[in-house]
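So this one's protein33.cif, mmCIF, C-alpha atoms:
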```
data_input
loop_
_atom_site.label_atom_id
_atom_site.label_comp_id
_atom_site.auth_asym_id
_atom_site.auth_seq_id
_atom_site.Cartn_x
_atom_site.Cartn_y
_atom_site.Cartn_z
CA MET A 240 0.00 0.00 0.00
CA ILE A 241 1.42 3.37 -1.06
CA ASN A 242 0.41 6.21 1.20
CA ASN A 243 2.11 9.45 2.20
CA ILE A 244 0.26 9.84 5.50
CA LYS A 245 2.21 9.18 8.67
CA LEU A 246 0.29 7.97 11.74
CA THR A 247 1.38 8.22 15.37
CA LEU A 248 -0.09 5.84 17.95
CA CYS A 249 0.28 7.67 21.27
CA THR A 250 0.46 5.89 24.62
CA THR A 251 0.79 7.88 27.83
CA ILE A 252 1.68 5.89 30.90
CA MET A 253 2.42 6.18 34.60
CA ASP A 254 3.41 3.05 36.50
CA ARG A 255 1.58 0.66 34.17
CA LEU A 256 4.57 -1.22 32.76
CA ASP A 257 2.90 -4.59 33.40
CA PHE A 258 0.13 -3.61 30.97
CA LEU A 259 2.53 -2.27 28.34
CA LYS A 260 4.60 -5.47 28.42
CA MET A 261 1.48 -7.29 27.20
CA THR A 262 0.07 -4.76 24.72
CA LEU A 263 3.04 -3.08 23.02
CA PRO A 264 4.73 -6.22 21.60
CA GLN A 265 1.39 -7.42 20.19
CA ASN A 266 0.52 -3.99 18.81
CA ILE A 267 3.83 -3.85 16.94
CA ILE A 268 3.28 -7.31 15.46
CA ASP A 269 -0.30 -6.46 14.47
CA ASN A 270 0.81 -3.35 12.56
CA ILE A 271 4.15 -4.51 11.15
CA ASP A 272 2.92 -4.22 7.54
CA CYS A 273 2.48 -0.48 8.07
CA ILE A 274 5.63 0.11 10.11
CA ASN A 275 7.24 2.48 7.58
CA GLN A 276 4.32 4.88 7.94
CA LEU A 277 3.90 4.45 11.66
CA GLU A 278 5.33 5.91 14.86
CA PHE A 279 4.78 4.35 18.28
CA LEU A 280 5.07 7.18 20.80
CA ILE A 281 5.45 6.36 24.49
CA LEU A 282 5.11 9.27 26.91
CA ASP A 283 6.38 8.39 30.39
CA TYR A 284 4.46 10.49 32.93
CA SER A 285 6.98 10.22 35.79
CA SER A 286 6.81 6.43 36.07
CA GLY A 287 8.87 4.75 38.75
CA ASP A 288 8.60 1.16 37.56
CA GLY A 289 11.55 0.87 35.15
CA LEU A 290 9.65 1.78 31.98
CA LYS A 291 12.56 3.54 30.25
CA GLU A 292 15.01 0.73 30.97
CA TRP A 293 12.58 -1.89 29.66
CA LEU A 294 11.92 0.02 26.43
CA TYR A 295 15.60 0.58 25.66
CA SER A 296 16.44 -3.04 26.50
CA ASN A 297 13.78 -4.40 24.15
CA TYR A 298 13.23 -1.76 21.45
CA ASP A 299 16.57 -0.04 20.98
CA ASP A 300 16.44 -0.59 17.18
CA MET A 301 12.99 0.98 16.85
CA LEU A 302 14.00 3.89 19.07
CA SER A 303 17.12 4.40 16.94
CA ASN A 304 15.30 4.37 13.60
CA ARG A 305 12.52 6.56 15.05
CA SER A 306 9.67 4.16 14.41
CA MET A 307 9.32 4.43 18.19
CA SER A 308 9.74 7.60 20.25
CA TYR A 309 10.15 7.84 24.00
CA TYR A 310 9.61 10.99 26.05
CA ARG A 311 9.50 11.51 29.79
CA ILE A 312 7.89 14.20 31.93
CA GLU A 313 9.52 14.53 35.34
CA GLY A 314 8.14 15.49 38.72
CA LYS A 315 4.49 14.43 38.45
CA ALA A 316 2.94 13.00 41.62
CA SER A 317 -0.32 12.01 39.93
CA TYR A 318 -1.40 11.07 36.44
CA ASN A 319 -3.25 13.77 34.51
CA HIS A 320 -5.12 12.25 31.57
CA SER A 321 -5.70 15.46 29.61
CA HIS A 322 -2.24 16.97 30.10
CA SER A 323 -0.38 13.75 29.30
CA LYS A 324 -2.36 13.11 26.10
CA ASN A 325 -1.96 16.70 24.95
CA GLN A 326 1.79 16.48 25.41
CA ALA A 327 1.94 13.23 23.43
CA PHE A 328 -0.18 14.53 20.55
CA LYS A 329 1.90 17.71 20.30
CA LEU A 330 5.11 15.66 20.15
CA ALA A 331 3.75 13.24 17.54
CA LYS A 332 5.43 13.28 14.13
CA GLY A 333 2.37 11.95 12.35
CA GLU A 334 -0.20 13.93 10.44
CA LEU A 335 -2.71 11.58 12.06
CA VAL A 336 -2.74 10.86 15.79
CA CYS A 337 -4.52 8.17 17.77
CA ASN A 338 -4.56 7.57 21.51
CA ILE A 339 -3.90 3.99 22.59
CA ASP A 340 -4.19 3.44 26.34
CA ALA A 341 -1.51 1.24 27.88
CA ASP A 342 -4.06 -1.53 28.50
CA ASN A 343 -5.41 -1.45 24.92
CA PHE A 344 -4.64 -3.70 21.98
CA THR A 345 -4.83 -2.03 18.57
CA GLY A 346 -5.97 -5.15 16.75
CA PRO A 347 -4.55 -6.56 13.48
CA ARG A 348 -3.79 -3.98 10.76
CA PHE A 349 -5.34 -1.18 12.81
CA ALA A 350 -2.92 1.44 11.51
CA GLU A 351 -3.73 0.54 7.91
CA TYR A 352 -7.44 0.72 8.71
CA LEU A 353 -7.07 4.24 10.17
CA ILE A 354 -4.97 5.55 7.30
CA ASP A 355 -7.46 4.20 4.76
CA GLN A 356 -10.35 5.89 6.60
CA PHE A 357 -8.64 9.27 6.58
CA ASP A 358 -7.51 8.78 2.98
CA THR A 359 -11.08 8.15 1.91
CA ASN A 360 -12.94 10.69 4.05
CA ALA A 361 -12.50 14.39 4.73
CA ASN A 362 -13.53 16.17 7.94
CA ILE A 363 -13.74 13.08 10.13
CA PHE A 364 -12.45 11.61 13.35
CA LEU A 365 -12.75 8.06 14.64
CA SER A 366 -13.95 6.72 17.98
CA THR A 367 -14.89 3.32 19.36
CA THR A 368 -18.25 4.57 20.60
CA SER A 369 -21.43 5.94 19.06
CA ARG A 370 -22.62 7.26 22.41
CA THR A 371 -24.09 10.74 22.63
CA PHE A 372 -22.63 12.33 25.74
CA TYR A 373 -25.02 15.25 26.00
CA SER A 374 -28.27 13.34 25.46
CA PRO A 375 -30.94 13.36 28.21
CA ASN A 376 -31.60 9.73 27.31
CA THR A 377 -29.77 7.52 29.80
CA LYS A 378 -29.35 4.65 27.34
CA ASP A 379 -27.00 6.86 25.33
CA TRP A 380 -24.71 6.92 28.35
CA ILE A 381 -24.59 3.31 29.41
CA THR A 382 -24.10 1.51 26.10
CA GLY A 383 -20.62 0.57 25.00
CA ASN A 384 -17.43 -0.41 26.81
CA SER A 385 -15.37 2.26 28.55
CA ASP A 386 -12.23 0.06 28.47
CA PHE A 387 -11.37 1.37 25.02
CA LEU A 388 -13.30 4.65 24.99
CA GLY A 389 -9.98 6.50 24.88
CA LYS A 390 -9.16 5.13 21.41
CA ILE A 391 -9.75 8.32 19.41
CA ALA A 392 -8.07 9.08 16.07
CA VAL A 393 -8.01 12.55 14.54
CA ARG A 394 -6.03 14.67 12.13
CA LYS A 395 -3.45 16.55 14.15
CA CYS A 396 -4.48 19.87 12.61
CA ASP A 397 -8.10 19.33 13.75
CA PHE A 398 -6.90 18.36 17.23
CA PHE A 399 -5.05 21.68 17.40
CA ARG A 400 -8.14 23.57 16.21
CA VAL A 401 -10.03 22.54 19.37
CA ARG A 402 -6.84 22.98 21.48
CA GLY A 403 -6.73 19.35 22.49
CA TYR A 404 -8.07 17.70 25.61
CA ASP A 405 -9.46 20.10 28.20
CA GLU A 406 -6.81 20.49 30.91
CA GLY A 407 -9.47 21.87 33.22
CA PHE A 408 -10.41 18.23 33.77
CA THR A 409 -8.72 16.58 36.73
CA GLY A 410 -8.24 12.94 37.56
CA TYR A 411 -10.08 10.22 35.69
CA SER A 412 -13.10 10.26 33.37
CA PHE A 413 -14.94 12.23 30.68
CA GLU A 414 -11.97 13.95 29.03
CA ASP A 415 -12.44 11.62 26.04
CA ALA A 416 -16.19 12.23 25.86
CA ASP A 417 -15.61 15.98 26.01
CA LEU A 418 -13.12 15.81 23.13
CA ILE A 419 -15.65 13.83 21.06
CA ASN A 420 -18.30 16.49 21.75
CA ARG A 421 -16.05 19.36 20.73
CA LEU A 422 -14.78 17.66 17.56
CA GLU A 423 -18.41 17.20 16.51
CA MET A 424 -19.22 20.81 17.38
CA LEU A 425 -16.27 21.77 15.18
CA GLY A 426 -18.15 20.14 12.31
CA LEU A 427 -16.29 16.85 12.01
CA ARG A 428 -18.17 13.63 11.34
CA ARG A 429 -17.64 10.78 13.76
CA ILE A 430 -16.87 7.38 12.27
CA VAL A 431 -17.26 4.52 14.71
CA ILE A 432 -14.27 2.18 14.64
CA ASP A 433 -15.77 -0.96 13.20
CA GLY A 434 -14.83 -4.53 14.01
CA HIS A 435 -14.47 -6.41 17.29
CA GLN A 436 -10.77 -6.98 16.51
CA PHE A 437 -10.15 -3.29 17.26
CA ARG A 438 -12.01 -3.36 20.58
CA ASN A 439 -9.84 -5.36 22.95
CA ALA A 440 -8.28 -4.33 26.24
CA ILE A 441 -6.82 -5.97 29.32
CA PRO A 442 -9.67 -6.27 31.85
CA HIS A 443 -8.94 -4.83 35.28
CA GLU A 444 -10.61 -3.26 38.30
CA ASP A 445 -11.64 0.39 38.17
CA SER A 446 -9.27 1.15 41.05
CA LEU A 447 -6.34 0.63 38.65
CA ARG A 448 -7.60 3.45 36.44
CA LYS A 449 -6.35 5.96 38.99
CA THR A 450 -2.63 6.52 39.42
CA ASP A 451 -1.89 8.92 42.25
CA GLN A 452 1.15 9.07 44.47
CA ILE A 453 -0.51 11.68 46.71
CA LYS A 454 -2.18 10.08 49.72
CA SER A 455 -5.71 11.23 50.50
CA ASP A 456 -7.96 10.80 53.53
CA VAL A 457 -11.70 10.51 52.94
CA TYR A 458 -14.43 11.31 55.46
CA ILE A 459 -18.20 10.90 55.13
CA LYS A 460 -21.37 11.85 56.97
CA GLN A 461 -24.82 10.50 56.12
CA LYS A 462 -27.26 13.41 55.95
CA THR A 463 -30.45 11.59 54.94
CA PHE A 464 -31.23 8.11 53.67
CA TYR A 465 -30.47 9.30 50.12
CA GLU A 466 -27.74 11.91 50.76
CA THR A 467 -24.15 11.57 51.92
CA TYR A 468 -21.63 14.33 52.50
CA TYR A 469 -18.00 13.49 51.70
CA LEU A 470 -14.76 15.34 52.39
CA ILE A 471 -11.45 14.55 50.68
CA LEU A 472 -8.25 15.82 52.31
CA ARG A 473 -5.30 15.34 49.98
CA GLY A 474 -1.69 15.03 51.02
CA ASP A 475 -0.83 18.24 49.14
CA ASN A 476 -3.22 20.06 51.54
CA SER A 477 -5.93 20.64 48.96
CA LEU A 478 -9.49 19.61 49.75
CA ALA A 479 -12.72 18.81 47.95
CA SER A 480 -16.19 18.15 49.31
CA ALA A 481 -19.77 17.75 48.15
CA THR A 482 -23.09 16.16 49.04
CA MET A 483 -23.92 13.24 46.77
CA PHE A 484 -27.39 11.81 46.38
CA SER A 485 -29.22 8.98 44.68
CA THR A 486 -31.50 10.35 41.99
CA ALA A 487 -33.73 7.27 42.29
CA THR A 488 -34.66 8.06 45.90
CA LEU A 489 -34.54 11.85 45.71
CA ASP A 490 -37.73 13.36 47.07
CA ALA A 491 -38.89 9.86 47.97
CA THR A 492 -41.09 11.29 50.72
CA ASN A 493 -43.35 12.61 47.96
CA LYS A 494 -46.12 10.00 47.67
CA SER A 495 -46.41 10.51 43.91
CA ARG A 496 -42.94 8.99 43.54
CA LEU A 497 -44.37 5.63 44.59
CA THR A 498 -46.14 5.37 41.24
CA THR A 499 -44.06 7.78 39.14
CA PRO A 500 -40.34 7.03 39.44
CA ILE A 501 -37.85 9.79 38.78
CA GLU A 502 -36.40 9.72 35.27
CA ALA A 503 -32.92 11.07 35.81
CA GLN A 504 -30.02 11.29 33.40
CA PHE A 505 -27.60 9.97 36.03
CA GLU A 506 -27.99 7.46 38.84
CA TYR A 507 -25.99 9.64 41.23
CA ASP A 508 -25.31 13.35 41.32
CA VAL A 509 -24.18 16.08 43.72
CA ARG A 510 -25.90 19.15 45.07
CA ASP A 511 -24.67 22.15 43.09
CA GLU A 512 -24.48 24.37 46.15
CA SER A 513 -22.53 21.75 48.11
CA VAL A 514 -19.47 21.50 45.85
CA CYS A 515 -16.44 23.05 47.55
CA THR A 516 -12.69 23.20 47.05
CA GLY A 517 -9.99 24.79 49.16
CA PHE A 518 -7.13 23.78 51.38
CA TRP A 519 -6.62 22.44 54.88
CA GLN A 520 -4.00 22.53 57.59
CA GLU A 521 -3.34 20.56 60.74
CA ILE A 522 -1.68 22.10 63.78
CA ASP A 523 -3.51 20.94 66.88
CA ASP A 524 -6.83 20.56 65.11
CA ILE A 525 -7.75 20.31 61.43
CA THR A 526 -8.96 23.55 59.88
CA LEU A 527 -10.68 23.71 56.50
CA PHE A 528 -10.35 26.83 54.36
CA VAL A 529 -13.05 26.71 51.69
CA ASN A 530 -12.91 28.69 48.44
CA LYS A 531 -16.51 29.79 48.59
CA PRO A 532 -18.03 33.23 49.19
CA SER A 533 -19.39 33.81 52.69
CA SER A 534 -18.04 30.46 53.91
CA LEU A 535 -16.51 30.33 57.36
CA ASN A 536 -13.40 28.32 58.14
CA GLN A 537 -14.28 25.04 59.83
CA THR A 538 -12.28 23.41 62.60
CA TYR A 539 -12.49 19.74 63.57
CA LEU A 540 -10.95 17.65 66.32
CA LYS A 541 -9.12 14.62 64.98
CA THR A 542 -10.13 11.35 66.65
CA PRO A 543 -9.18 7.70 65.98
CA PHE A 544 -12.48 7.29 64.11
CA GLY A 545 -12.81 10.55 62.22
CA LEU A 546 -13.30 14.29 62.61
CA ALA A 547 -15.52 15.76 65.30
CA SER A 548 -16.89 19.23 65.75
CA PRO A 549 -15.42 21.04 68.79
CA ASN A 550 -18.99 20.97 70.09
CA LEU A 551 -19.03 17.31 71.13
CA LEU A 552 -22.69 17.60 72.09
CA ARG A 553 -23.55 17.66 68.38
CA PRO A 554 -22.86 14.12 67.09
CA THR A 555 -24.29 15.02 63.67
CA GLU A 556 -21.12 17.01 63.07
CA PHE A 557 -18.98 13.87 63.21
CA LEU A 558 -17.28 12.81 59.96
CA HIS A 559 -16.36 9.14 59.76
CA HIS A 560 -12.90 8.31 58.44
CA ILE A 561 -12.99 5.77 55.59
CA LYS A 562 -10.17 3.35 56.33
CA ASN A 563 -11.06 0.86 53.60
CA GLU A 564 -8.62 1.85 50.85
CA LYS A 565 -10.78 0.54 48.01
CA LEU A 566 -13.88 2.42 49.19
CA ALA A 567 -11.88 5.61 49.71
CA LYS A 568 -10.50 5.39 46.17
CA GLU A 569 -14.01 4.83 44.80
CA ILE A 570 -15.23 8.02 46.49
CA ILE A 571 -12.28 9.97 45.11
CA MET A 572 -12.92 8.62 41.61
CA PHE A 573 -16.62 9.44 41.97
CA HIS A 574 -15.76 13.03 42.84
CA GLU A 575 -13.36 13.34 39.90
CA ALA A 576 -15.92 11.82 37.52
CA ILE A 577 -18.71 14.10 38.75
CA THR A 578 -16.48 17.18 38.52
CA ASN A 579 -15.36 16.30 34.99
CA ARG A 580 -18.88 15.39 33.91
CA ARG A 581 -20.16 18.78 35.03
CA LYS A 582 -17.30 20.45 33.14
CA MET A 583 -18.12 18.45 30.01
CA MET A 584 -21.79 19.41 30.18
CA GLN A 585 -20.80 23.04 30.69
CA ASN A 586 -18.57 22.96 27.61
CA TYR A 587 -21.42 21.55 25.57
CA HIS A 588 -24.07 23.89 26.98
CA PHE A 589 -21.99 26.97 26.13
CA SER A 590 -20.82 25.53 22.76
CA THR A 591 -17.21 25.71 23.89
CA ILE A 592 -15.10 24.24 21.10
CA GLN A 593 -11.68 25.64 21.99
CA VAL A 594 -10.37 25.01 25.49
CA ASN A 595 -7.13 25.74 27.34
CA THR A 596 -5.19 28.98 26.80
CA LYS A 597 -4.02 30.50 23.53
CA ASP A 598 -0.39 29.59 24.28
CA TRP A 599 -1.42 25.95 24.85
CA LEU A 600 0.33 24.75 21.69
CA SER A 601 3.74 26.04 22.77
CA ASP A 602 3.50 24.49 26.24
CA ILE A 603 5.75 21.44 25.98
CA ALA A 604 6.73 19.86 29.30
CA ILE A 605 9.57 17.81 27.79
CA HIS A 606 13.00 19.33 28.31
#
```
So that I can check it, write out the structure of this file as structure tokens.
Amino acid sequence: MINNIKLTLCTTIMDRLDFLKMTLPQNIIDNIDCINQLEFLILDYSSGDGLKEWLYSNYDDMLSNRSMSYYRIEGKASYNHSHSKNQAFKLAKGELVCNIDADNFTGPRFAEYLIDQFDTNANIFLSTTSRTFYSPNTKDWITGNSDFLGKIAVRKCDFFRVRGYDEGFTGYSFEDADLINRLEMLGLRRIVIDGHQFRNAIPHEDSLRKTDQIKSDVYIKQKTFYETYYLILRGDNSLASATMFSTATLDATNKSRLTTPIEAQFEYDVRDESVCTGFWQEIDDITLFVNKPSSLNQTYLKTPFGLASPNLLRPTEFLHHIKNEKLAKEIIMFHEAITNRRKMMQNYHFSTIQVNTKDWLSDIAIH
């Protein structure tokens, strides 16, 4: 096949070498027929698991002839999905770029398939999902497999036109869906990546989706039978809190709900007025400084079981410390997902196509 287009498959990674050892060798084999038009780009987001040494021990020839590129960003304590992918796409040599998560297999002849699609069609991008991420219909949200939702291919020039992934997103979730929305608002047509051979990933628990070297403590307080307040105190002294609720049981005291269930877009949500960020400090007690107008600083006594209001006669002010690591991580991921989902919906509501700052393109973290 004669084709002048060069494609870069971008993989950003932080402490996921075990996954890459399974996917990268197979992805190279599956796309060997297209190797002269292809670049495998690995962006190391401050990994501490020997990623660089493994790559140079096993792929020195490819790194030398530039069919594989390796870059490293230093000093990151947690993995930022949007920032890492933006850096990789900006460094890519290809006219076409495609994100391949470290746990994803490309499938046989995937690179050739992508190049043919872009050769044949103008004004397109490719995604593994047909989901509509702004629809009020819940079925548009729950269909499909999120394991390979990040597999998005786009012309690099179009990616730059929307200024990449929104770096206002933090943690895990919805940065891919937001990019899909904005590429469509730009006027590009979405082509769904066809074929089960292109939809394979290493199965794993959701807890492995979050890579964070910053320790966090999570506290909760049940407010009603359908509402729970949570507080996240991160090791970098930032904080986040909100009141989450079940949409299915919201307003359940209303008798009409017994026969007319609530039709909500999401199973869980948070109270808009309850969302807070800020910072905290611990001297003798723990004091919360919330970035919210008219909010007073809050002080809690630290106990073996959680945080208590200085007024010990008010047990409702007690926040229970979540010591189960898996549950704590789930609450943190829930907060990140909710925050990013709200940001995505805001971008769509205000028809925001371009995100990040105007100097975004020149911001390269590789030195």
(message) Here is a test: counting only C-alpha atoms, which residue of A:Ile281, A:Cys273, A:Leu489, A:Leu353 is nearest to Thr251 (chain A)?
(response) A:Ile281
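Of note, CA of Met583 (chain A) and CA of Arg311 (chain A) are spaced 28.5 Å apart.
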(request) Might you pull out every residue within 6 Å of Leu365 (chain A), with all atoms listed in the file counted and same-chain residues fewer than 3 positions away left off, and present them as a VMD selection string? (result) chain A and resid 391 to 392 429 to 431
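Minimum distance to Leu256 (chain A) across A:Leu566, A:Asn319, A:Ala341, A:Met301 (counting only C-alpha atoms) occurs at A:Ala341.
Between CA of Leu280 (chain A) and CA of Tyr310 (chain A) the separation is 7.9 Å.
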(request) With the file shown as input, list the residues that the PyMOL selection byres ((chain A and resi 546-548) around 12) selects, as an NGL selection string. (result) :A and (456-460 or 469-470 or 472 or 521 or 524-527 or 537-545 or 549-561)
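Across the model, the gap from CA of Gly434 (chain A) to CA of His320 (chain A) is 26.2 Å.
Note on the selection: in this file the PyMOL selection byres ((chain A and resi 410) around 8) comes out as A:Tyr318, A:Asn319, A:His320, A:Phe408, A:Thr409, A:Tyr411, A:Ser412, A:Lys449, A:Met572, A:Glu575, A:Ala576.
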List, as a PDB file with C-alpha atoms, in the frame of the given file, every residue that the PyMOL selection byres ((chain A and resi 327) around 12) selects in the file provided.
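In the end it all went to expr36.pdb:
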```
ATOM      1  CA  THR A 247       1.380   8.220  15.370  1.00  0.00           C
ATOM      2  CA  LEU A 248      -0.090   5.840  17.950  1.00  0.00           C
ATOM      3  CA  CYS A 249       0.280   7.670  21.270  1.00  0.00           C
ATOM      4  CA  THR A 250       0.460   5.890  24.620  1.00  0.00           C
ATOM      5  CA  THR A 251       0.790   7.880  27.830  1.00  0.00           C
ATOM      6  CA  ILE A 252       1.680   5.890  30.900  1.00  0.00           C
ATOM      7  CA  GLU A 278       5.330   5.910  14.860  1.00  0.00           C
ATOM      8  CA  PHE A 279       4.780   4.350  18.280  1.00  0.00           C
ATOM      9  CA  LEU A 280       5.070   7.180  20.800  1.00  0.00           C
ATOM     10  CA  ILE A 281       5.450   6.360  24.490  1.00  0.00           C
ATOM     11  CA  LEU A 282       5.110   9.270  26.910  1.00  0.00           C
ATOM     12  CA  ASP A 283       6.380   8.390  30.390  1.00  0.00           C
ATOM     13  CA  TYR A 284       4.460  10.490  32.930  1.00  0.00           C
ATOM     14  CA  SER A 308       9.740   7.600  20.250  1.00  0.00           C
ATOM     15  CA  TYR A 309      10.150   7.840  24.000  1.00  0.00           C
ATOM     16  CA  TYR A 310       9.610  10.990  26.050  1.00  0.00           C
ATOM     17  CA  ARG A 311       9.500  11.510  29.790  1.00  0.00           C
ATOM     18  CA  ILE A 312       7.890  14.200  31.930  1.00  0.00           C
ATOM     19  CA  HIS A 320      -5.120  12.250  31.570  1.00  0.00           C
ATOM     20  CA  SER A 321      -5.700  15.460  29.610  1.00  0.00           C
ATOM     21  CA  HIS A 322      -2.240  16.970  30.100  1.00  0.00           C
ATOM     22  CA  SER A 323      -0.380  13.750  29.300  1.00  0.00           C
ATOM     23  CA  LYS A 324      -2.360  13.110  26.100  1.00  0.00           C
ATOM     24  CA  ASN A 325      -1.960  16.700  24.950  1.00  0.00           C
ATOM     25  CA  GLN A 326       1.790  16.480  25.410  1.00  0.00           C
ATOM     26  CA  PHE A 328      -0.180  14.530  20.550  1.00  0.00           C
ATOM     27  CA  LYS A 329       1.900  17.710  20.300  1.00  0.00           C
ATOM     28  CA  LEU A 330       5.110  15.660  20.150  1.00  0.00           C
ATOM     29  CA  ALA A 331       3.750  13.240  17.540  1.00  0.00           C
ATOM     30  CA  LYS A 332       5.430  13.280  14.130  1.00  0.00           C
ATOM     31  CA  GLY A 333       2.370  11.950  12.350  1.00  0.00           C
ATOM     32  CA  VAL A 336      -2.740  10.860  15.790  1.00  0.00           C
ATOM     33  CA  CYS A 337      -4.520   8.170  17.770  1.00  0.00           C
ATOM     34  CA  ASN A 338      -4.560   7.570  21.510  1.00  0.00           C
ATOM     35  CA  ILE A 339      -3.900   3.990  22.590  1.00  0.00           C
ATOM     36  CA  ASP A 340      -4.190   3.440  26.340  1.00  0.00           C
ATOM     37  CA  LYS A 395      -3.450  16.550  14.150  1.00  0.00           C
ATOM     38  CA  PHE A 398      -6.900  18.360  17.230  1.00  0.00           C
ATOM     39  CA  GLY A 403      -6.730  19.350  22.490  1.00  0.00           C
ATOM     40  CA  TYR A 404      -8.070  17.700  25.610  1.00  0.00           C
ATOM     41  CA  LEU A 600       0.330  24.750  21.690  1.00  0.00           C
ATOM     42  CA  ASP A 602       3.500  24.490  26.240  1.00  0.00           C
ATOM     43  CA  ILE A 603       5.750  21.440  25.980  1.00  0.00           C
ATOM     44  CA  ALA A 604       6.730  19.860  29.300  1.00  0.00           C
ATOM     45  CA  ILE A 605       9.570  17.810  27.790  1.00  0.00           C
TER      46      ILE A 605
END
```
(request) For Gly346 (chain A), list every protein, DNA or RNA residue within 12 Å, evaluated using only C-alpha atoms, and leave out those in the same chain fewer than 4 positions away; present the list as JSON, numbers by chain. (result) {"A": [262, 263, 264, 265, 266, 267, 268, 269, 270, 271, 339, 350, 351, 352, 353, 387, 390, 432, 433, 434, 435, 436, 437, 438, 439, 440]}
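Counting all atoms listed in the file, the residue from A:Lys245, A:Arg510, A:Arg370, A:Lys568 that sits nearest to Ala416 (chain A) is A:Arg370.
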Rebuild region 341-346 of chain A to all heavy atoms - output it as a short mmCIF file (atom, residue, chain, number, x, y, z; two decimals), in the frame of the given file, please.
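Output below, filename rebuild-v4.cif:
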```cif
data_model
loop_
_atom_site.label_atom_id
_atom_site.label_comp_id
_atom_site.auth_asym_id
_atom_site.auth_seq_id
_atom_site.Cartn_x
_atom_site.Cartn_y
_atom_site.Cartn_z
N ALA A 341 -2.51 2.28 27.63
CA ALA A 341 -1.51 1.24 27.88
C ALA A 341 -2.13 -0.15 28.00
O ALA A 341 -1.45 -1.15 27.75
CB ALA A 341 -0.72 1.57 29.14
N ASP A 342 -3.41 -0.23 28.36
CA ASP A 342 -4.06 -1.53 28.50
C ASP A 342 -4.83 -1.94 27.25
O ASP A 342 -5.57 -2.92 27.26
CB ASP A 342 -5.00 -1.53 29.71
CG ASP A 342 -6.11 -0.48 29.60
OD1 ASP A 342 -6.08 0.31 28.63
OD2 ASP A 342 -6.99 -0.45 30.48
N ASN A 343 -4.65 -1.20 26.16
CA ASN A 343 -5.41 -1.45 24.92
C ASN A 343 -4.58 -2.16 23.86
O ASN A 343 -3.39 -1.84 23.66
CB ASN A 343 -5.91 -0.14 24.33
CG ASN A 343 -7.24 0.32 24.89
OD1 ASN A 343 -8.02 0.95 24.20
ND2 ASN A 343 -7.50 0.01 26.15
N PHE A 344 -5.21 -3.10 23.17
CA PHE A 344 -4.64 -3.70 21.98
C PHE A 344 -5.20 -2.97 20.76
O PHE A 344 -6.39 -2.63 20.72
CB PHE A 344 -5.00 -5.19 21.89
CG PHE A 344 -4.42 -6.02 23.00
CD1 PHE A 344 -5.19 -6.36 24.11
CD2 PHE A 344 -3.10 -6.45 22.94
CE1 PHE A 344 -4.65 -7.13 25.13
CE2 PHE A 344 -2.56 -7.22 23.96
CZ PHE A 344 -3.33 -7.55 25.06
N THR A 345 -4.34 -2.72 19.78
CA THR A 345 -4.83 -2.03 18.57
C THR A 345 -5.71 -2.96 17.75
O THR A 345 -6.73 -2.54 17.19
CB THR A 345 -3.66 -1.57 17.69
OG1 THR A 345 -2.91 -2.72 17.26
CG2 THR A 345 -2.76 -0.61 18.44
N GLY A 346 -5.32 -4.21 17.66
CA GLY A 346 -5.97 -5.15 16.75
C GLY A 346 -5.17 -5.24 15.46
O GLY A 346 -4.41 -4.33 15.11
#
```
